[in-house]
Amino acid sequence: MGLSFDIAKRIAFNHQHSFSRFIIRLSIAATTLSVMAMIITLAFVNGFQHTVAGKIFSFWGHMRVQKYEAGKSLIAEETPLTMDSGIRQTIRLQTGVIRVQNFATKSAVIENKNEIEGVLIKGIDAGYDSTTLKPFMQSGYWINFADSSYSKEIIISKALANQLNIAVNDTVKVHFVSSIDDSRTYRKLLVKGIYKTGIEEYDKLFIMGDLRLIRRINEWRDDQSGGYEIFVNDYRQMDSISKSLSAALPAEWMSRTIREVYPNIFDWLDIQDVNRDVIFIVMSAVAIINLITCLLILILERTRMIGVLKALGASNWTIQKIFLYHASVITFTGIGLGAFLGIGICWLQQMTGFISLDEASYYVSQAPMEIIWWQVIAVVTGTALVCYGALLLPSILVRKISPVKAIQFR
């Protein structure tokens with residue numbers, strides 16, 4: 001490494017108490033804090049977006065295929081479509097599609113002990129894959145579809161159960177209004193299970209029931225449903241898959257991603273990217289400003305040494321390298337500690353969940369962490385490059401120092 005490295009090592013590991021030593025420790029702490037904050041922020045945003053989006057996809061799938069009606073809300077009751085094996089096969093053959101399921105929704109009013117609440121029944125059939133929903137079950141069991149006419153079992157949310165004082169195995173009245181002649185009817189249905197996704201505005205709205213019940217209420221044929229619910233193997237591809245599928249469907253049918261059906265939560269999740277970027281900018285600025293300040297103080301404190309070295313014939317670049325080596329020790333020590341602490345806190349949160357959140361506001365009860373290793377490497381590498389680039393600026397001050405004046409400097 002040469003003379004510059006040897007001198008930098010002596011300065012860096014000098015144990016004498018001085019103001020510069022305090023500044024060095026402060027700069028290491030600032031760099032550590034910046035890297036740690038960026039890693040934790042990335043892990044939290046990744047985990048938060050993945051967890052909340054996963055809840056939505058588990059409950060509603062990634063895409064929907066329904067009858068097209070101009071001006072009609074995407075969350076209104078569907079116009080029935082006749083299930084077509086050819087179209088179903090077309091959907092299945094789309095790249096990335098892993099599952100296709102029938103569904104329909106129906107507005108209703110649930111009543112228990114003179115308490116009522118408006119709900120939307122999501123009708124499913126015996127072929128519905130419940131594996132994505134069962135993790136949300138709080139108590140009770142999944143719907144039994146063995147009944148020859150239609151199952152009289154439903155699953156409601158914990159929020160609705162608490163609001164109407166409903167327990168598992170209670171029988172409730174569910175009132176319907178016919179979409180044909182506005183006549184009113186009701187069914188007595190058994191609450192078989194209670195679920196909770198944590199997305200309260202939807203938990204309070206949706207209950208799960210038999211698709212055949214909706215067919216009977218709406219007077220649909222047995223080969224009709226509200227549409228197809230589609231799952232894909234990579235949710236990041238759902239926009240392109242939906243666009244491709246729309247081109248393959250009949251003109252009166254449409255494909256929409258769940259982001260288009262329920263945009264409010266996804267828009268809110270996208271805002272987290274802005275928060276992440278703001279934290280990145282602030283933490284990067286803190287690290288750069290601290291390192292530049294630290295290096296300036298080191299140069300000023302070692303002015304006489306610089307003068308002596310110049311008088312002995314050392315080049316400007318040789319002297320610059322002394323401070324760059326010294327600053328590199330500070331930078332990489334801070335980055336190493338920051339990465340260690342950041343990853344450690346993320347891992348501890350994954351194991352213990354010691355950071356809790358208000359589920360009503362954030363849709364999760366614990367701060368979810370998802371470490372993506374290439375992002376950690378990018379943070380470490382990017383911080384090192386940016387900080388090292390910033391360190392070149394104050395080191396140029398060495399060139400401006402006169403040997404005679406530097407030796408006389410007090």
# chains A, B, ... in the order shown; residues from 1 in each chain; ligands from 1
call {"tool": "closest_atom_pairs", "arguments": {"of": "segment 204-228 of chain A", "to": "segment 253-256 of chain A", "cutoff": "12 Å", "atoms": "only C-alpha atoms", "output": "JSON lines"}}
result
{"residue": "A:Gly226", "atom": "CA", "partner": "A:Trp253", "partner_atom": "CA", "distance": 11.4}
{"residue": "A:Gly227", "atom": "CA", "partner": "A:Trp253", "partner_atom": "CA", "distance": 9.4}
{"residue": "A:Tyr228", "atom": "CA", "partner": "A:Ser255", "partner_atom": "CA", "distance": 9.3}
call {"tool": "residues_around", "arguments": {"residues": "segment 107-111 of chain A", "least_positions_apart": "5", "cutoff": "7 Å", "atoms": "only C-alpha atoms", "output": "PDB file with N, CA and C atoms, in the first residue's frame"}}
result
ATOM      1  N   ILE A 116     -78.712  -5.304  12.466  1.00  0.00           N
ATOM      2  CA  ILE A 116     -78.564  -5.574  11.035  1.00  0.00           C
ATOM      3  C   ILE A 116     -77.330  -4.872  10.487  1.00  0.00           C
ATOM      4  N   GLU A 117     -76.824  -5.403   9.373  1.00  0.00           N
ATOM      5  CA  GLU A 117     -75.671  -4.799   8.709  1.00  0.00           C
ATOM      6  C   GLU A 117     -75.689  -5.207   7.240  1.00  0.00           C
ATOM      7  N   GLY A 118     -75.413  -4.247   6.356  1.00  0.00           N
ATOM      8  CA  GLY A 118     -75.324  -4.540   4.931  1.00  0.00           C
ATOM      9  C   GLY A 118     -74.032  -5.271   4.600  1.00  0.00           C
ATOM     10  N   VAL A 119     -74.129  -6.285   3.773  1.00  0.00           N
ATOM     11  CA  VAL A 119     -72.952  -7.095   3.411  1.00  0.00           C
ATOM     12  C   VAL A 119     -72.992  -7.415   1.923  1.00  0.00           C
ATOM     13  N   LEU A 120     -71.919  -8.011   1.471  1.00  0.00           N
ATOM     14  CA  LEU A 120     -71.822  -8.510   0.102  1.00  0.00           C
ATOM     15  C   LEU A 120     -71.392  -9.967   0.197  1.00  0.00           C
ATOM     16  N   ILE A 121     -72.277 -10.864  -0.238  1.00  0.00           N
ATOM     17  CA  ILE A 121     -71.948 -12.288  -0.195  1.00  0.00           C
ATOM     18  C   ILE A 121     -71.119 -12.644  -1.417  1.00  0.00           C
ATOM     19  N   VAL A 172     -78.257 -17.137  11.537  1.00  0.00           N
ATOM     20  CA  VAL A 172     -78.611 -15.741  11.302  1.00  0.00           C
ATOM     21  C   VAL A 172     -79.542 -15.656  10.102  1.00  0.00           C
ATOM     22  N   LYS A 173     -80.284 -14.555  10.037  1.00  0.00           N
ATOM     23  CA  LYS A 173     -81.122 -14.284   8.869  1.00  0.00           C
ATOM     24  C   LYS A 173     -80.351 -13.422   7.888  1.00  0.00           C
ATOM     25  N   VAL A 174     -80.364 -13.813   6.620  1.00  0.00           N
ATOM     26  CA  VAL A 174     -79.735 -13.016   5.568  1.00  0.00           C
ATOM     27  C   VAL A 174     -80.832 -12.628   4.578  1.00  0.00           C
ATOM     28  N   HIS A 175     -81.084 -11.325   4.454  1.00  0.00           N
ATOM     29  CA  HIS A 175     -82.167 -10.807   3.617  1.00  0.00           C
ATOM     30  C   HIS A 175     -81.615 -10.409   2.241  1.00  0.00           C
ATOM     31  N   PHE A 176     -82.407 -10.722   1.208  1.00  0.00           N
ATOM     32  CA  PHE A 176     -82.020 -10.433  -0.168  1.00  0.00           C
ATOM     33  C   PHE A 176     -83.129  -9.658  -0.857  1.00  0.00           C
TER      34      PHE A 176
END
call {"tool": "closest_residue", "arguments": {"among": "A:Ile199, A:Leu81, A:Ala104, A:Val35", "to": "Cys387 of chain A", "atoms": "only C-alpha atoms"}}
result
A:Val35
call {"tool": "select_by_dssp", "arguments": {"residues": "segment 148-359 of chain A", "states": "alpha helix (DSSP H)", "output": "number ranges by chain"}}
result
A: 158-164, 200-203, 211-218, 238-248, 258-261, 263-301, 303-311, 316-352, 359
call {"tool": "write_last_selection", "arguments": {"atoms": "C-alpha atoms", "output": "CSV table (one decimal), in the first residue's frame"}}
result
chain,number,residue,atom,x,y,z
A,158,LYS,CA,-64.4,-11.3,13.0
A,159,ALA,CA,-65.3,-7.6,12.7
A,160,LEU,CA,-68.9,-8.4,11.6
A,161,ALA,CA,-69.2,-11.1,14.3
A,162,ASN,CA,-68.1,-8.7,17.0
A,163,GLN,CA,-70.4,-6.0,15.7
A,164,LEU,CA,-73.5,-8.2,15.6
A,200,GLU,CA,-61.3,-4.0,8.1
A,201,GLU,CA,-63.2,-2.1,5.5
A,202,TYR,CA,-63.4,-5.3,3.4
A,203,ASP,CA,-63.8,-7.6,6.4
A,211,LEU,CA,-72.6,-19.9,-5.3
A,212,ARG,CA,-75.7,-22.0,-5.7
A,213,LEU,CA,-77.5,-19.9,-3.1
A,214,ILE,CA,-76.9,-16.8,-5.2
A,215,ARG,CA,-78.0,-18.6,-8.4
A,216,ARG,CA,-81.3,-19.5,-6.6
A,217,ILE,CA,-81.9,-16.0,-5.3
A,218,ASN,CA,-81.1,-14.4,-8.7
A,238,MET,CA,-50.9,-9.6,-13.8
A,239,ASP,CA,-51.2,-6.3,-15.9
A,240,SER,CA,-49.6,-7.8,-19.0
A,241,ILE,CA,-51.5,-11.1,-18.5
A,242,SER,CA,-54.8,-9.3,-18.2
A,243,LYS,CA,-54.1,-7.2,-21.3
A,244,SER,CA,-53.3,-10.4,-23.3
A,245,LEU,CA,-56.3,-12.1,-22.0
A,246,SER,CA,-58.6,-9.2,-22.9
A,247,ALA,CA,-57.6,-9.6,-26.5
A,248,ALA,CA,-58.4,-13.3,-26.5
A,258,ILE,CA,-57.7,-6.7,-8.8
A,259,ARG,CA,-55.8,-3.4,-8.7
A,260,GLU,CA,-58.4,-1.9,-11.1
A,261,VAL,CA,-61.3,-3.4,-9.0
A,263,PRO,CA,-57.5,0.6,-6.4
A,264,ASN,CA,-57.6,2.5,-3.1
A,265,ILE,CA,-55.4,0.0,-1.2
A,266,PHE,CA,-52.9,-0.4,-4.0
A,267,ASP,CA,-52.6,3.4,-4.4
A,268,TRP,CA,-51.9,3.6,-0.7
A,269,LEU,CA,-49.3,0.8,-1.0
A,270,ASP,CA,-47.6,2.7,-3.9
A,271,ILE,CA,-47.2,5.8,-1.6
A,272,GLN,CA,-44.9,3.7,0.6
A,273,ASP,CA,-42.4,3.8,-2.3
A,274,VAL,CA,-42.4,7.6,-2.0
A,275,ASN,CA,-41.8,7.3,1.8
A,276,ARG,CA,-38.9,4.9,1.1
A,277,ASP,CA,-37.3,7.3,-1.4
A,278,VAL,CA,-37.5,10.2,1.0
A,279,ILE,CA,-35.8,8.2,3.7
A,280,PHE,CA,-33.1,7.2,1.3
A,281,ILE,CA,-32.4,10.8,0.3
A,282,VAL,CA,-32.3,12.0,3.9
A,283,MET,CA,-30.1,9.2,5.1
A,284,SER,CA,-27.7,9.5,2.1
A,285,ALA,CA,-27.4,13.3,2.7
A,286,VAL,CA,-26.7,12.7,6.4
A,287,ALA,CA,-23.9,10.2,5.6
A,288,ILE,CA,-22.3,12.4,3.0
A,289,ILE,CA,-22.4,15.6,5.0
A,290,ASN,CA,-21.0,13.9,8.0
A,291,LEU,CA,-18.1,12.3,6.1
A,292,ILE,CA,-17.2,15.5,4.3
A,293,THR,CA,-17.3,17.4,7.6
A,294,CYS,CA,-15.2,14.7,9.2
A,295,LEU,CA,-12.6,14.8,6.5
A,296,LEU,CA,-12.3,18.6,6.5
A,297,ILE,CA,-11.7,18.5,10.3
A,298,LEU,CA,-9.1,15.8,9.9
A,299,ILE,CA,-7.3,17.8,7.2
A,300,LEU,CA,-7.4,21.0,9.3
A,301,GLU,CA,-6.1,19.2,12.4
A,303,THR,CA,-2.3,20.9,8.6
A,304,ARG,CA,1.2,21.0,10.1
A,305,MET,CA,1.7,17.3,9.1
A,306,ILE,CA,0.7,18.2,5.5
A,307,GLY,CA,3.2,21.0,5.5
A,308,VAL,CA,6.0,18.8,6.7
A,309,LEU,CA,5.2,16.1,4.2
A,310,LYS,CA,5.2,18.6,1.3
A,311,ALA,CA,8.5,20.1,2.5
A,316,ASN,CA,-0.3,16.3,-3.4
A,317,TRP,CA,-1.8,12.9,-4.4
A,318,THR,CA,0.3,11.0,-1.9
A,319,ILE,CA,-1.0,13.3,0.9
A,320,GLN,CA,-4.6,13.1,-0.5
A,321,LYS,CA,-4.4,9.3,-0.3
A,322,ILE,CA,-3.6,9.5,3.4
A,323,PHE,CA,-6.9,11.1,4.1
A,324,LEU,CA,-8.8,9.0,1.6
A,325,TYR,CA,-7.5,5.8,3.2
A,326,HIS,CA,-8.4,7.2,6.6
A,327,ALA,CA,-11.9,8.2,5.4
A,328,SER,CA,-12.3,4.8,3.8
A,329,VAL,CA,-11.8,3.2,7.2
A,330,ILE,CA,-14.6,5.4,8.6
A,331,THR,CA,-16.8,4.7,5.6
A,332,PHE,CA,-16.5,0.9,5.6
A,333,THR,CA,-16.6,0.6,9.3
A,334,GLY,CA,-19.9,2.5,9.3
A,335,ILE,CA,-21.3,0.5,6.4
A,336,GLY,CA,-20.3,-2.8,8.0
A,337,LEU,CA,-21.8,-1.9,11.3
A,338,GLY,CA,-24.9,-0.5,9.6
A,339,ALA,CA,-25.4,-3.6,7.5
A,340,PHE,CA,-24.9,-5.9,10.5
A,341,LEU,CA,-27.4,-4.0,12.7
A,342,GLY,CA,-29.9,-3.5,10.0
A,343,ILE,CA,-30.0,-7.1,9.0
A,344,GLY,CA,-30.0,-8.1,12.7
A,345,ILE,CA,-33.0,-6.0,13.5
A,346,CYS,CA,-34.9,-7.3,10.5
A,347,TRP,CA,-34.1,-10.9,11.5
A,348,LEU,CA,-35.1,-10.2,15.1
A,349,GLN,CA,-38.4,-8.7,13.9
A,350,GLN,CA,-39.1,-11.7,11.7
A,351,MET,CA,-38.5,-14.1,14.7
A,352,THR,CA,-40.2,-12.2,17.5
A,359,GLU,CA,-53.9,-3.4,12.4
call {"tool": "atom_distance", "arguments": {"atom1": "atom CA of Ser149 of chain A", "atom2": "atom CA of Val177 of chain A"}}
result
20.2 Å
call {"tool": "atom_distance", "arguments": {"atom1": "atom CA of Ile39 of chain A", "atom2": "atom CA of Pro368 of chain A"}}
result
13.4 Å
call {"tool": "residues_around", "arguments": {"residues": "Asp170 of chain A", "least_positions_apart": "6", "cutoff": "9 Å", "atoms": "only C-alpha atoms", "output": "list in words"}}
result
Leu189, Leu190, Val191 and Lys192 of chain A
call {"tool": "write_last_selection", "arguments": {"atoms": "N, CA and C atoms", "output": "compact mmCIF listing (two decimals), in the first residue's frame"}}
result
# COMPACT_ATOMS: atom_id res chain seq x y z
N LEU A 189 -79.22 -18.95 7.69
CA LEU A 189 -77.95 -19.58 7.37
C LEU A 189 -77.11 -19.78 8.63
N LEU A 190 -76.31 -20.82 8.60
CA LEU A 190 -75.48 -21.20 9.75
C LEU A 190 -74.08 -20.60 9.59
N VAL A 191 -73.63 -19.92 10.63
CA VAL A 191 -72.27 -19.37 10.61
C VAL A 191 -71.30 -20.51 10.95
N LYS A 192 -70.61 -20.96 9.92
CA LYS A 192 -69.73 -22.13 10.10
C LYS A 192 -68.33 -21.73 10.53
call {"tool": "atom_distance", "arguments": {"atom1": "atom CA of Val168 of chain A", "atom2": "atom CA of Tyr362 of chain A"}}
result
27.1 Å
